[in-house]
file upload_18.txt (compact mmCIF, C-alpha atoms and all ligand atoms)
# COMPACT_ATOMS: atom_id res chain seq x y z
CA GLN A 1 -3.05 17.51 6.68
CA ILE A 2 -0.09 15.75 5.10
CA ASP A 3 2.72 14.57 7.39
CA CYS A 4 6.23 14.02 6.08
CA GLY A 5 8.93 12.38 8.20
CA ILE A 6 12.53 13.45 7.53
CA ILE A 7 14.92 10.54 8.09
CA GLY A 8 18.54 9.63 7.41
CA LEU A 9 21.85 8.88 9.09
CA PRO A 10 23.25 11.40 11.58
CA ASN A 11 25.06 14.49 10.23
CA VAL A 12 23.72 14.25 6.69
CA GLY A 13 21.89 17.59 6.91
CA LYS A 14 18.37 16.58 8.02
CA SER A 15 17.96 19.51 10.40
CA THR A 16 19.44 21.86 7.81
CA VAL A 17 16.88 20.63 5.25
CA PHE A 18 14.08 20.85 7.83
CA SER A 19 15.04 24.40 8.69
CA VAL A 20 15.13 25.43 5.02
CA LEU A 21 11.76 23.80 4.31
CA THR A 22 10.00 25.26 7.30
CA ASN A 23 11.93 28.45 7.92
CA ALA A 24 12.12 27.27 11.52
CA PRO A 25 15.20 27.92 13.60
CA VAL A 26 16.49 24.52 14.72
CA LYS A 27 19.63 23.38 16.42
CA ILE A 28 22.15 22.38 13.77
CA SER A 29 25.35 20.88 15.10
CA ASN A 30 28.33 19.13 13.71
CA PHE A 31 27.96 16.06 15.87
CA PRO A 32 25.65 13.09 15.56
CA PHE A 33 22.38 12.97 17.55
CA CYS A 34 21.97 16.70 17.90
CA THR A 35 18.26 16.18 17.16
CA ILE A 36 16.95 14.16 20.12
CA HIS A 37 13.36 15.33 20.28
CA PRO A 38 11.75 15.62 16.90
CA ASN A 39 11.51 19.07 15.35
CA ILE A 40 7.97 19.55 14.10
CA SER A 41 6.70 22.35 11.93
CA VAL A 42 3.62 22.95 9.78
CA VAL A 43 4.01 24.98 6.60
CA ARG A 44 1.65 26.32 3.97
CA ILE A 45 1.66 24.50 0.66
CA PRO A 46 2.65 27.06 -1.95
CA ASP A 47 -0.08 27.39 -4.58
CA PRO A 48 -0.28 30.69 -6.52
CA ARG A 49 -3.82 29.80 -7.66
CA VAL A 50 -5.11 30.68 -4.16
CA TYR A 51 -3.98 34.30 -4.58
CA GLN A 52 -5.24 34.49 -8.16
CA LEU A 53 -8.71 33.41 -7.04
CA ALA A 54 -8.69 35.62 -3.96
CA GLY A 55 -7.76 38.58 -6.16
CA ILE A 56 -10.86 38.09 -8.29
CA VAL A 57 -13.38 37.49 -5.50
CA ALA A 58 -11.69 39.95 -3.13
CA SER A 59 -11.67 37.43 -0.28
CA ARG A 60 -10.64 38.78 3.09
CA GLU A 61 -8.81 35.60 4.00
CA THR A 62 -6.83 32.94 2.14
CA VAL A 63 -6.26 29.44 3.43
CA HIS A 64 -3.68 27.17 1.86
CA GLY A 65 -3.26 23.43 2.28
CA LYS A 66 -0.79 22.47 5.00
CA ILE A 67 2.05 20.05 5.32
CA LYS A 68 3.71 18.93 8.54
CA PHE A 69 7.42 18.08 8.58
CA VAL A 70 8.85 15.93 11.37
CA ASP A 71 12.64 15.87 11.68
CA ILE A 72 13.86 12.97 13.79
CA ALA A 73 17.27 12.06 15.17
CA GLY A 74 19.71 10.27 12.90
CA LEU A 75 19.37 6.53 12.49
CA ILE A 76 22.39 4.33 12.86
CA LYS A 77 23.03 0.63 12.42
CA GLY A 78 21.15 -1.12 15.21
CA ALA A 79 18.67 1.73 15.81
CA ALA A 80 15.74 -0.67 15.54
CA GLN A 81 17.27 -2.71 18.38
CA GLY A 82 17.71 0.36 20.53
CA ILE A 83 21.23 1.44 19.59
CA GLY A 84 21.77 5.22 19.43
CA LEU A 85 18.47 6.80 20.23
CA GLY A 86 16.95 3.51 19.21
CA SER A 87 13.47 2.62 18.14
CA LYS A 88 12.02 5.52 20.15
CA ILE A 89 12.91 7.94 17.39
CA LEU A 90 11.28 5.73 14.78
CA ASN A 91 8.02 5.84 16.73
CA HIS A 92 7.86 9.56 15.95
CA ILE A 93 7.43 8.93 12.25
CA GLN A 94 5.01 6.00 12.43
CA THR A 95 1.98 8.15 11.73
CA THR A 96 3.53 10.15 8.90
CA LYS A 97 2.25 9.53 5.37
CA VAL A 98 5.51 9.80 3.48
CA LEU A 99 9.22 9.67 4.29
CA CYS A 100 11.87 12.05 2.97
CA HIS A 101 15.23 10.34 3.29
CA VAL A 102 18.08 12.86 3.33
CA VAL A 103 21.27 11.35 1.88
CA ARG A 104 24.64 13.03 2.18
CA CYS A 105 26.22 13.75 -1.19
CA PHE A 106 28.78 16.33 -0.10
CA ASP A 107 32.41 16.16 0.98
CA ASP A 108 33.39 18.12 4.05
CA ASN A 109 36.25 17.14 6.32
CA GLN A 110 34.84 19.40 9.02
CA THR A 111 31.56 17.45 9.20
CA VAL A 112 32.03 13.94 10.53
CA HIS A 113 30.27 11.08 8.79
CA VAL A 114 29.42 8.14 11.07
CA PHE A 115 31.33 5.81 8.70
CA ASN A 116 34.11 8.32 7.94
CA ASN A 117 33.51 8.22 4.18
CA ILE A 118 30.73 9.24 1.81
CA ASP A 119 28.75 6.50 0.11
CA PRO A 120 25.11 7.42 -0.55
CA CYS A 121 23.96 3.94 -1.69
CA ARG A 122 25.46 2.26 1.40
CA ASP A 123 23.77 4.90 3.58
CA ALA A 124 20.43 4.34 1.85
CA ASP A 125 20.79 0.57 2.39
CA ILE A 126 21.56 1.00 6.09
CA VAL A 127 18.49 3.13 6.64
CA ASN A 128 16.32 0.66 4.71
CA THR A 129 17.61 -2.18 6.90
CA GLU A 130 16.75 -0.23 10.07
CA LEU A 131 13.25 0.44 8.77
CA ILE A 132 12.82 -3.27 7.99
CA LEU A 133 14.06 -4.29 11.46
CA PHE A 134 11.73 -1.80 13.10
CA ASP A 135 8.78 -3.15 11.10
CA ILE A 136 9.73 -6.72 12.01
CA SER A 137 9.57 -5.88 15.70
CA GLN A 138 6.25 -4.02 15.29
CA CYS A 139 4.83 -6.86 13.22
CA GLU A 140 5.87 -9.52 15.75
CA LYS A 141 4.36 -7.46 18.59
CA SER A 142 1.10 -6.99 16.70
CA ILE A 143 0.81 -10.72 15.93
CA CYS A 144 1.47 -11.56 19.58
CA SER A 145 -1.05 -9.08 20.91
CA LEU A 146 -3.75 -10.15 18.44
CA GLN A 147 -3.27 -13.79 19.39
CA LYS A 148 -3.35 -12.99 23.11
CA LYS A 149 -6.26 -10.57 23.07
CA HIS A 150 -8.53 -12.70 20.96
CA LYS A 151 -8.83 -16.18 22.38
CA LEU A 152 -11.83 -16.64 20.09
CA ILE A 153 -10.41 -15.81 16.72
CA ASN A 154 -13.07 -14.41 14.38
CA GLU A 155 -12.86 -13.92 10.64
CA ASN A 156 -11.66 -10.35 10.91
CA ILE A 157 -8.81 -11.20 13.30
CA GLU A 158 -7.92 -14.16 11.13
CA GLN A 159 -7.59 -11.88 8.09
CA GLN A 160 -5.38 -9.48 10.05
CA LEU A 161 -3.18 -12.30 11.33
CA PHE A 162 -2.90 -13.73 7.84
CA VAL A 163 -1.72 -10.45 6.35
CA LEU A 164 0.64 -9.72 9.27
CA LYS A 165 2.28 -13.11 8.83
CA LYS A 166 2.59 -12.40 5.10
CA CYS A 167 4.27 -9.07 5.93
CA LEU A 168 6.60 -10.76 8.39
CA ASP A 169 7.72 -13.32 5.78
CA TYR A 170 8.60 -10.55 3.34
CA LEU A 171 10.34 -8.50 6.01
CA TYR A 172 12.41 -11.51 7.15
CA ASP A 173 13.51 -11.79 3.48
CA GLY A 174 14.58 -8.14 3.57
CA VAL A 175 11.77 -6.92 1.30
CA LEU A 176 10.34 -3.43 1.86
CA LEU A 177 6.56 -3.72 2.20
CA ARG A 178 5.83 -0.98 -0.31
CA LYS A 179 7.27 -3.27 -3.00
CA VAL A 180 4.90 -6.15 -2.15
CA HIS A 181 1.71 -6.73 -4.08
CA PHE A 182 -1.20 -6.82 -1.63
CA SER A 183 -4.89 -7.23 -2.47
CA ASN A 184 -7.18 -4.31 -1.61
CA ILE A 185 -8.46 -6.09 1.53
CA GLU A 186 -4.90 -6.85 2.62
CA ARG A 187 -3.89 -3.21 2.03
CA THR A 188 -6.80 -1.99 4.18
CA ASN A 189 -5.85 -4.47 6.89
CA ILE A 190 -2.19 -3.43 7.10
CA GLU A 191 -2.82 0.32 6.84
CA LYS A 192 -3.58 0.66 10.56
CA PHE A 193 -0.24 -0.88 11.54
CA ASN A 194 1.62 2.10 10.01
CA PHE A 195 4.61 0.07 8.84
CA LEU A 196 7.51 2.31 7.91
CA THR A 197 8.58 0.26 4.89
CA ASN A 198 5.04 0.55 3.53
CA LYS A 199 5.24 4.32 3.26
CA PRO A 200 6.26 6.01 0.02
CA ILE A 201 9.78 7.37 0.22
CA ILE A 202 11.56 10.25 -1.48
CA TYR A 203 15.34 10.65 -1.60
CA PHE A 204 16.67 14.10 -0.85
CA ALA A 205 20.28 14.28 -2.02
CA ASN A 206 22.03 16.95 0.00
CA ILE A 207 24.77 18.30 -2.26
CA ASP A 208 26.95 21.31 -1.73
CA GLU A 209 27.44 24.43 -3.80
CA LYS A 210 30.87 23.33 -5.00
CA SER A 211 29.53 20.21 -6.70
CA VAL A 212 26.16 21.19 -8.10
CA THR A 213 27.26 19.85 -11.49
CA ASN A 214 29.04 16.55 -11.90
CA ASN A 215 28.61 15.25 -8.38
CA THR A 216 29.65 11.58 -8.50
CA TYR A 217 27.79 10.75 -5.26
CA LEU A 218 24.62 12.18 -6.75
CA ASN A 219 25.09 10.19 -9.97
CA LYS A 220 25.37 6.98 -7.95
CA LEU A 221 22.29 7.82 -5.88
CA HIS A 222 20.35 8.66 -9.06
CA ALA A 223 21.05 5.19 -10.45
CA PHE A 224 20.12 3.58 -7.11
CA ALA A 225 16.87 5.58 -6.88
CA PHE A 226 15.99 4.85 -10.50
CA ASN A 227 16.52 1.09 -10.03
CA ASN A 228 14.26 1.15 -6.98
CA SER A 229 11.63 3.47 -8.57
CA ILE A 230 12.12 6.09 -5.88
CA PRO A 231 11.81 9.80 -6.73
CA LEU A 232 14.90 11.88 -6.01
CA ILE A 233 15.31 15.57 -5.36
CA SER A 234 18.76 17.09 -5.17
CA CYS A 235 19.48 20.34 -3.50
CA CYS A 236 22.11 22.26 -1.66
CA ALA A 237 20.59 22.77 1.78
CA MET A 238 23.46 24.75 3.25
CA LEU A 239 24.45 27.97 1.53
CA SER A 240 28.04 29.06 1.40
CA SER A 241 28.96 31.78 3.88
CA SER A 242 31.23 33.47 1.32
CA LYS A 243 28.33 35.49 -0.14
CA ASN A 244 27.55 38.95 1.21
CA ARG A 245 24.49 39.40 3.49
CA ASP A 246 22.08 40.66 0.80
CA ASP A 247 23.03 37.96 -1.70
CA ARG A 248 22.73 35.32 0.98
CA PHE A 249 19.27 36.54 1.95
CA LYS A 250 18.04 36.58 -1.67
CA THR A 251 19.52 33.17 -2.39
CA ALA A 252 18.09 31.76 0.84
CA MET A 253 14.58 33.01 0.01
CA LYS A 254 14.71 31.53 -3.49
CA GLN A 255 16.23 28.31 -2.17
CA GLN A 256 13.45 27.88 0.41
CA LYS A 257 10.75 28.41 -2.21
CA ASP A 258 12.40 26.04 -4.69
CA ILE A 259 13.01 23.21 -2.21
CA LEU A 260 9.51 23.43 -0.76
CA CYS A 261 7.92 23.50 -4.24
CA ASP A 262 10.03 20.53 -5.36
CA ILE A 263 9.25 18.41 -2.34
CA VAL A 264 5.54 19.30 -2.35
CA SER A 265 5.24 18.41 -6.01
CA VAL A 266 6.89 15.00 -5.44
CA ILE A 267 4.77 14.35 -2.32
CA PHE A 268 1.61 15.18 -4.30
CA SER A 269 2.72 12.73 -6.95
CA VAL A 270 3.60 9.80 -4.64
CA LEU A 271 0.48 10.25 -2.49
CA ASN A 272 -1.78 10.96 -5.48
CA LEU A 273 -2.90 14.31 -4.09
CA ARG A 274 -4.72 17.13 -5.85
CA THR A 275 -6.34 20.45 -4.90
CA PHE A 276 -9.87 21.83 -5.20
CA PHE A 277 -11.03 25.26 -4.09
CA THR A 278 -13.94 26.90 -2.34
CA ILE A 279 -14.37 30.65 -2.66
CA ASN A 280 -16.46 33.47 -1.27
CA SER A 281 -15.87 37.04 -0.18
CA HIS A 282 -14.79 35.84 3.28
CA MET A 283 -12.37 33.17 2.30
CA THR A 284 -10.59 31.51 -0.59
CA ARG A 285 -9.52 28.10 0.47
CA ALA A 286 -7.47 25.27 -1.03
CA TRP A 287 -8.44 21.72 -0.08
CA ILE A 288 -6.07 18.83 -0.60
CA TYR A 289 -7.62 15.48 -1.53
CA VAL A 290 -6.64 12.05 -2.81
CA VAL A 291 -7.41 11.29 -6.48
CA GLY A 292 -10.76 9.55 -6.85
CA MET A 293 -12.64 11.62 -4.27
CA THR A 294 -16.33 12.12 -5.04
CA ALA A 295 -18.37 15.33 -4.69
CA LEU A 296 -20.11 13.87 -1.62
CA GLU A 297 -16.77 13.18 0.08
CA ALA A 298 -15.62 16.69 -0.82
CA ALA A 299 -18.84 18.10 0.69
CA LYS A 300 -18.12 16.22 3.94
CA LYS A 301 -14.57 17.60 3.99
CA VAL A 302 -15.82 21.18 3.71
CA HIS A 303 -18.75 20.93 6.15
CA SER A 304 -20.68 17.96 7.54
CA ASP A 305 -24.01 19.80 6.80
CA PHE A 306 -23.05 19.93 3.11
CA LYS A 307 -22.86 16.16 3.09
CA LYS A 308 -26.03 15.58 5.11
CA GLY A 309 -28.20 17.82 2.94
CA PHE A 310 -26.29 17.39 -0.34
CA ILE A 311 -28.37 18.25 -3.42
CA ARG A 312 -25.73 18.85 -6.08
CA VAL A 313 -22.40 20.55 -6.67
CA GLN A 314 -21.60 23.53 -8.88
CA ILE A 315 -18.26 23.27 -10.67
CA ILE A 316 -16.16 25.93 -12.40
CA LYS A 317 -12.75 25.01 -13.75
CA PHE A 318 -9.89 27.16 -12.44
CA ASP A 319 -8.80 28.31 -15.93
CA ASP A 320 -12.36 29.34 -16.85
CA PHE A 321 -12.76 31.25 -13.60
CA ILE A 322 -9.57 33.21 -14.28
CA PHE A 323 -10.27 33.74 -17.97
CA TYR A 324 -13.84 35.01 -17.43
CA ARG A 325 -12.86 36.97 -14.32
CA GLY A 326 -15.15 35.24 -11.85
CA GLU A 327 -18.37 33.32 -11.41
CA LEU A 328 -20.63 35.72 -13.30
CA GLY A 329 -18.39 35.82 -16.34
CA ALA A 330 -18.00 32.04 -16.30
CA LYS A 331 -21.80 31.68 -16.06
CA LYS A 332 -22.41 33.98 -19.05
CA ALA A 333 -19.88 31.98 -21.07
CA GLY A 334 -21.67 28.73 -20.15
CA LYS A 335 -18.68 27.48 -18.19
CA ILE A 336 -20.53 26.41 -15.05
CA CYS A 337 -21.70 22.85 -14.70
CA TYR A 338 -23.59 20.90 -12.06
CA ALA A 339 -23.13 17.31 -10.94
CA GLY A 340 -24.44 14.79 -8.43
CA LYS A 341 -22.78 13.15 -5.44
CA ASP A 342 -20.78 10.66 -7.52
CA TYR A 343 -18.94 13.33 -9.52
CA CYS A 344 -15.20 12.64 -9.38
CA VAL A 345 -13.48 15.86 -8.27
CA LYS A 346 -10.68 17.16 -10.54
CA ASP A 347 -7.60 19.23 -9.76
CA GLY A 348 -8.40 22.96 -9.87
CA ASP A 349 -12.18 22.55 -9.54
CA ILE A 350 -13.89 25.44 -7.79
CA LEU A 351 -16.78 23.82 -5.96
CA LYS A 352 -19.96 25.25 -4.49
CA PHE A 353 -22.27 22.84 -2.70
CA LEU A 354 -26.03 23.22 -2.97
CA PHE A 355 -27.67 21.65 0.04
CA GLN A 356 -30.75 21.70 2.25
CA ILE A 357 -30.75 21.55 6.05
P1 LIG A 401 21.54 16.03 10.86
O1 LIG A 401 22.30 15.41 11.98
O2 LIG A 401 21.38 15.08 9.72
O3 LIG A 401 20.26 16.69 11.26
O4 LIG A 401 22.53 17.17 10.25
P2 LIG A 401 22.55 18.74 10.52
O5 LIG A 401 21.53 19.43 9.65
O6 LIG A 401 22.53 19.01 11.99
O7 LIG A 401 23.97 19.08 9.88
C1 LIG A 401 25.15 18.48 10.37
C2 LIG A 401 26.35 19.26 9.92
O8 LIG A 401 26.48 19.22 8.50
C3 LIG A 401 26.27 20.76 10.29
O9 LIG A 401 27.55 21.19 10.69
C4 LIG A 401 25.85 21.41 8.97
O10 LIG A 401 26.27 22.74 8.92
C5 LIG A 401 26.55 20.52 7.97
N1 LIG A 401 25.88 20.53 6.64
C6 LIG A 401 24.58 20.35 6.38
N2 LIG A 401 24.34 20.42 5.05
C7 LIG A 401 25.54 20.67 4.45
C8 LIG A 401 25.97 20.86 3.08
O11 LIG A 401 25.18 20.84 2.12
N3 LIG A 401 27.33 21.06 2.89
C9 LIG A 401 28.21 21.10 3.93
N4 LIG A 401 29.50 21.29 3.66
N5 LIG A 401 27.84 20.93 5.21
C10 LIG A 401 26.53 20.73 5.49

call {"tool": "encode", "arguments": {"input": "upload_18.txt", "output": "C-alpha cells", "more": "lines below"}}
Ligand code: GDP
result
Amino acid sequence: QIDCGIIGLPNVGKSTVFSVLTNAPVKISNFPFCTIHPNISVVRIPDPRVYQLAGIVASRETVHGKIKFVDIAGLIKGAAQGIGLGSKILNHIQTTKVLCHVVRCFDDNQTVHVFNNIDPCRDADIVNTELILFDISQCEKSICSLQKKHKLINENIEQQLFVLKKCLDYLYDGVLLRKVHFSNIERTNIEKFNFLTNKPIIYFANIDEKSVTNNTYLNKLHAFAFNNSIPLISCCAMLSSSKNRDDRFKTAMKQQKDILCDIVSVIFSVLNLRTFFTINSHMTRAWIYVVGMTALEAAKKVHSDFKKGFIRVQIIKFDDFIFYRGELGAKKAGKICYAGKDYCVKDGDILKFLFQI
C-alpha cells in the first residue's frame, strides 16, 4: 500500500483536497488548526485495465491497488519546536512514502491566511524549514540513542552513526536530504529513520475557479517547483457554489476523478511504481510494485507458496491479452512467454506462476 501525507500551512485547502481525493466527508473550516487529528482514508487506484481484463475473463471480483491519504493539521513557523500543534502532527506523516504539499494560490478575503497575504514560494519555504527542523531533532535523538544504547560500537552502528552525522551536517546547512547524494549503503541505513526531507514531494497548487488561467501565484510556484525539480499539480479543489445542483454534482465527479488520476500518476512517477496483474475467474487483481522487481519477488507478493515452490512464470502482455481476447487467443497467436525467477516484471504484465508445493 502506498501512503501519501498531505501537508501545508493552515487554511490552504488541505482538508478540501483530501475530501475531494477520497470522497470522505471531513471537517472543513475557515480557521487554522481545524484538522487536529489526522484524517486518514484509503482509496482505490483508478486503472481501467482492471475492468477490461475482468470483462474478458468474467471475474467475479476486481481488486485495485490502494493508496492511503493522511491529512494532517497545518504547519506553522515553529511547528518543529512544538508551536501550534507542534511536532506531534509531523509524527503522523513519518511513515508515509511521499508528501503532497498543498500550496494556496487563490485570493479570498473570507479565508484568513496565517500571514495575511498570499505568497506561495514563501509558504513553500516555511514548510521546508519546518521539515528540516523536525528532521534535525529526530536525527539528534537517533544519534544520542545509538550512542547510549551501544556502549560497544560495532561496525553496523558505526555506519549508522556516520550517515546520521552526515545527514545532520546537511540539515544544519538547510539542505533537504532528498537533494543529497548518498551511496546505496548510506541510503539503506537512513531509510529506517523516515526523515521527512528525504521523502519525494509533490506540490499541489490550490487555485480557484476565477483564476484557472493566468494565475500569477501559480506562475511563481511553477518556476519555484521547476528550479527545485519538484512535480506540480494545479487544481481547483473547491467548486463554486454558483452552479446548480446537477452541474455541481457532475463537475464534482469529474473533478474527483481528474485530481485522483493526476496525483496517482505523479506518485507513480516519483516512487517508480508500476502495475502487474493476476487473473482468474474468481478475481482480477492489480498489484503495485517498484520498478526492478523480479518474478520471484512478484511471486512472493502474490502468495508465499508461489515463491517457495517457484518453477517459472507465464507472461502475457496486457495489449496482447486484450487484442486476442484472452489467454487462449494469446496462446494461439504465440503471445505467451515463460521466464525464470530473475525475469524483470514490466508494467501491464499478466502473470501466472507455475509452482510445486
Ligand atoms: P486546511 O486548513 O488547509 O485543511 O484548509 P481547509 O480545507 O479546511 O480550507 C480552509 C478554508 O479555505 C475553507 O473555508 C475552505 O472552504 C476554503 N478553501 C479551500 N479551497 C479553496 C479554494 O480553492 N478557493 C477558495 N476561495 N476557498 C477555498

call {"tool": "closest_residue", "arguments": {"input": "upload_18.txt", "among": "A:Lys307, A:Lys300, A:Arg312, A:Lys317", "to": "Ile357 of chain A", "atoms": "all atoms listed in the file"}}
result
A:Lys307

call {"tool": "residues_near_ligand", "arguments": {"input": "upload_18.txt", "ligand": "ligand LIG 401 (chain A)", "cutoff": "6 Å", "atoms": "only C-alpha atoms and all ligand atoms", "output": "NGL selection string"}}
result
:A and (10-16 or 28-30 or 32 or 74 or 106 or 108 or 111 or 206-208 or 236-238)

call {"tool": "atom_distance", "arguments": {"input": "upload_18.txt", "atom1": "atom CA of Leu171 of chain A", "atom2": "atom CA of Thr197 of chain A"}}
result
9.0 Å

call {"tool": "closest_residue", "arguments": {"input": "upload_18.txt", "among": "A:Cys337, A:Leu221, A:Cys344, A:Ala124", "to": "Thr294 of chain A", "atoms": "all atoms listed in the file"}}
result
A:Cys344

call {"tool": "residues_around", "arguments": {"input": "upload_18.txt", "residues": "Phe18 of chain A", "least_positions_apart": "6", "cutoff": "9 Å", "atoms": "all atoms listed in the file", "output": "PDB file with C-alpha atoms, in the coordinates of the input"}}
result
ATOM      1  CA  ILE A   6      12.530  13.450   7.530  1.00  0.00           C
ATOM      2  CA  ALA A  24      12.120  27.270  11.520  1.00  0.00           C
ATOM      3  CA  VAL A  26      16.490  24.520  14.720  1.00  0.00           C
ATOM      4  CA  ASN A  39      11.510  19.070  15.350  1.00  0.00           C
ATOM      5  CA  ILE A  40       7.970  19.550  14.100  1.00  0.00           C
ATOM      6  CA  SER A  41       6.700  22.350  11.930  1.00  0.00           C
ATOM      7  CA  PHE A  69       7.420  18.080   8.580  1.00  0.00           C
ATOM      8  CA  VAL A  70       8.850  15.930  11.370  1.00  0.00           C
ATOM      9  CA  ASP A  71      12.640  15.870  11.680  1.00  0.00           C
TER      10      ASP A  71
END

call {"tool": "closest_residue", "arguments": {"input": "upload_18.txt", "among": "A:Leu296, A:Ile126, A:Val20, A:Ile56", "to": "His101 of chain A", "atoms": "only C-alpha atoms"}}
result
A:Ile126

call {"tool": "residues_around", "arguments": {"input": "upload_18.txt", "residues": "segment 175-183 of chain A", "least_positions_apart": "5", "cutoff": "12 Å", "atoms": "all atoms listed in the file", "output": "PyMOL selection string"}}
result
chain A and resi 98+125+127-136+139+159+162-164+166-170+188-191+193-201+228-230+270

call {"tool": "atom_distance", "arguments": {"input": "upload_18.txt", "atom1": "atom CA of Glu158 of chain A", "atom2": "atom CA of Lys97 of chain A"}}
result
26.4 Å

call {"tool": "closest_residue", "arguments": {"input": "upload_18.txt", "among": "A:Val57, A:Met253, A:Val50, A:Ile350", "to": "Gly326 of chain A", "atoms": "only C-alpha atoms"}}
result
A:Val57
